[in-house]
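Working notes for the structure below.
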Amino acid sequence: MSTTTGPRSRMPGPIPFVPEMAEVAGGLHKVLENGAIPSTTIALLQLRAGQLLGSTYFTIRETGTLREAGESEERITAVATWPDATCFTAPERVALELAEAVLTPNPSGERVPDSLYAKASACYDTKALWTLVMAIAHIGFFAPAALIAKPIPGMPPGRNYTD
């Protein structure tokens, strides 16, 4: 019988069971740090993705990342209602729109129409666009773990699971 108190994850950390995951995750992290997209833009995009997925872990993690980067509470809070907010740059708005388009079902057509791609390609070069794609893929890769295994919100990677 466990005597651990406080928040608990549903599952233990994955690396002892699927060590191959570390290499894939490391590759995704490396792409996000390639300098093609400001780290703030990636954190804004990933915060919105966490909100859309209903993941407390992602929203707390990215909110913390943005605070550590010196982002204002106004910008952090406004991510939830970004289409009406005036505090985001055009490239940030496109990144938020892409994340939302990819992660939100669209029963009336394709999720990323040519018009959205055109806006994105006007703001970002090819390397930066691929980095945005990988930032969204990063969330997609970790979404099942966040939603099923429920890592502990507010804990850093490697210490966010109860073993």
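Lettering and numbering for the structure tokens are positional, with chains as A, B, ... in the shown order, residues counted from 1 in each chain, and ligands counted from 1 in the shown order.
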Using only C-alpha atoms, which protein or nucleic acid residues come within 8 Å of region 142-148 of chain A? Drop anything in the same chain fewer than 4 positions from it, and give the result as a compact mmCIF listing (two decimals) with N, CA, C and O atoms, in the first residue's frame.
# COMPACT_ATOMS: atom_id res chain seq x y z
N ARG A 10 -1.73 8.66 -13.17
CA ARG A 10 -2.42 7.37 -13.31
C ARG A 10 -1.44 6.24 -13.56
O ARG A 10 -1.69 5.10 -13.18
N LEU A 53 -7.16 20.51 -25.99
CA LEU A 53 -7.17 19.10 -25.61
C LEU A 53 -7.77 18.88 -24.22
O LEU A 53 -8.07 17.75 -23.84
N SER A 55 -6.14 19.53 -21.40
CA SER A 55 -5.06 18.96 -20.61
C SER A 55 -4.54 19.97 -19.58
O SER A 55 -3.89 20.96 -19.94
N TYR A 57 -2.21 19.37 -17.49
CA TYR A 57 -0.75 19.26 -17.49
C TYR A 57 -0.14 20.22 -18.51
O TYR A 57 0.75 21.00 -18.18
N PHE A 58 -0.62 20.19 -19.77
CA PHE A 58 -0.07 21.07 -20.80
C PHE A 58 -0.32 22.54 -20.48
O PHE A 58 0.56 23.37 -20.68
N HIS A 138 4.51 17.75 -31.75
CA HIS A 138 5.03 17.52 -30.39
C HIS A 138 3.86 17.35 -29.42
O HIS A 138 3.83 16.40 -28.63
**Asked** Residues of region 11-156 of chain A in alpha helix (DSSP H) according to DSSP, as a VMD selection string?
**Response** chain A and resid 20 to 32 39 to 53 56 to 68 73 to 78 90 to 103 114 to 123 126 to 144
With region 42-50 of chain A as the partner and 12 Å as the cut-off, tabulate the residues of region 1-35 of chain A that qualify, each row holding the nearest pair of atoms and their distance in Å to one decimal, using only C-alpha atoms, sorted by chain and rising number, as a tab-separated table.
residue	atom	partner	partner_atom	distance
A:His29	CA	A:Ile42	CA	11.1
A:Val31	CA	A:Ile42	CA	11.2
A:Leu32	CA	A:Ile42	CA	7.6
A:Glu33	CA	A:Ile42	CA	9.5
A:Asn34	CA	A:Ile42	CA	11.5
A:Gly35	CA	A:Ile42	CA	10.7
Can I get the selection written as an mmCIF file, in the first residue's frame, with C-alpha atoms?
data_model
loop_
_atom_site.group_PDB
_atom_site.id
_atom_site.type_symbol
_atom_site.label_atom_id
_atom_site.label_comp_id
_atom_site.auth_asym_id
_atom_site.auth_seq_id
_atom_site.Cartn_x
_atom_site.Cartn_y
_atom_site.Cartn_z
ATOM 1 C CA HIS A 29 12.533 18.823 -28.633
ATOM 2 C CA VAL A 31 13.519 20.622 -33.672
ATOM 3 C CA LEU A 32 11.615 23.044 -31.431
ATOM 4 C CA GLU A 33 14.911 24.536 -30.291
ATOM 5 C CA ASN A 34 16.304 25.069 -33.815
ATOM 6 C CA GLY A 35 15.795 28.841 -33.646
#
task: Tell me, as a list in words, which residues lie within 12 Å of Leu28 (chain A), counting only C-alpha atoms; anything in the same chain fewer than 6 positions away does not count.
output: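 Surrounding residues, per the criterion: Met21, Ala22, Asn34, Trp130, Thr131, Leu132, Val133, Met134, Ala135, Ile136, Ala137, His138, Ile139, Gly140, Phe141 and Phe142 of chain A.
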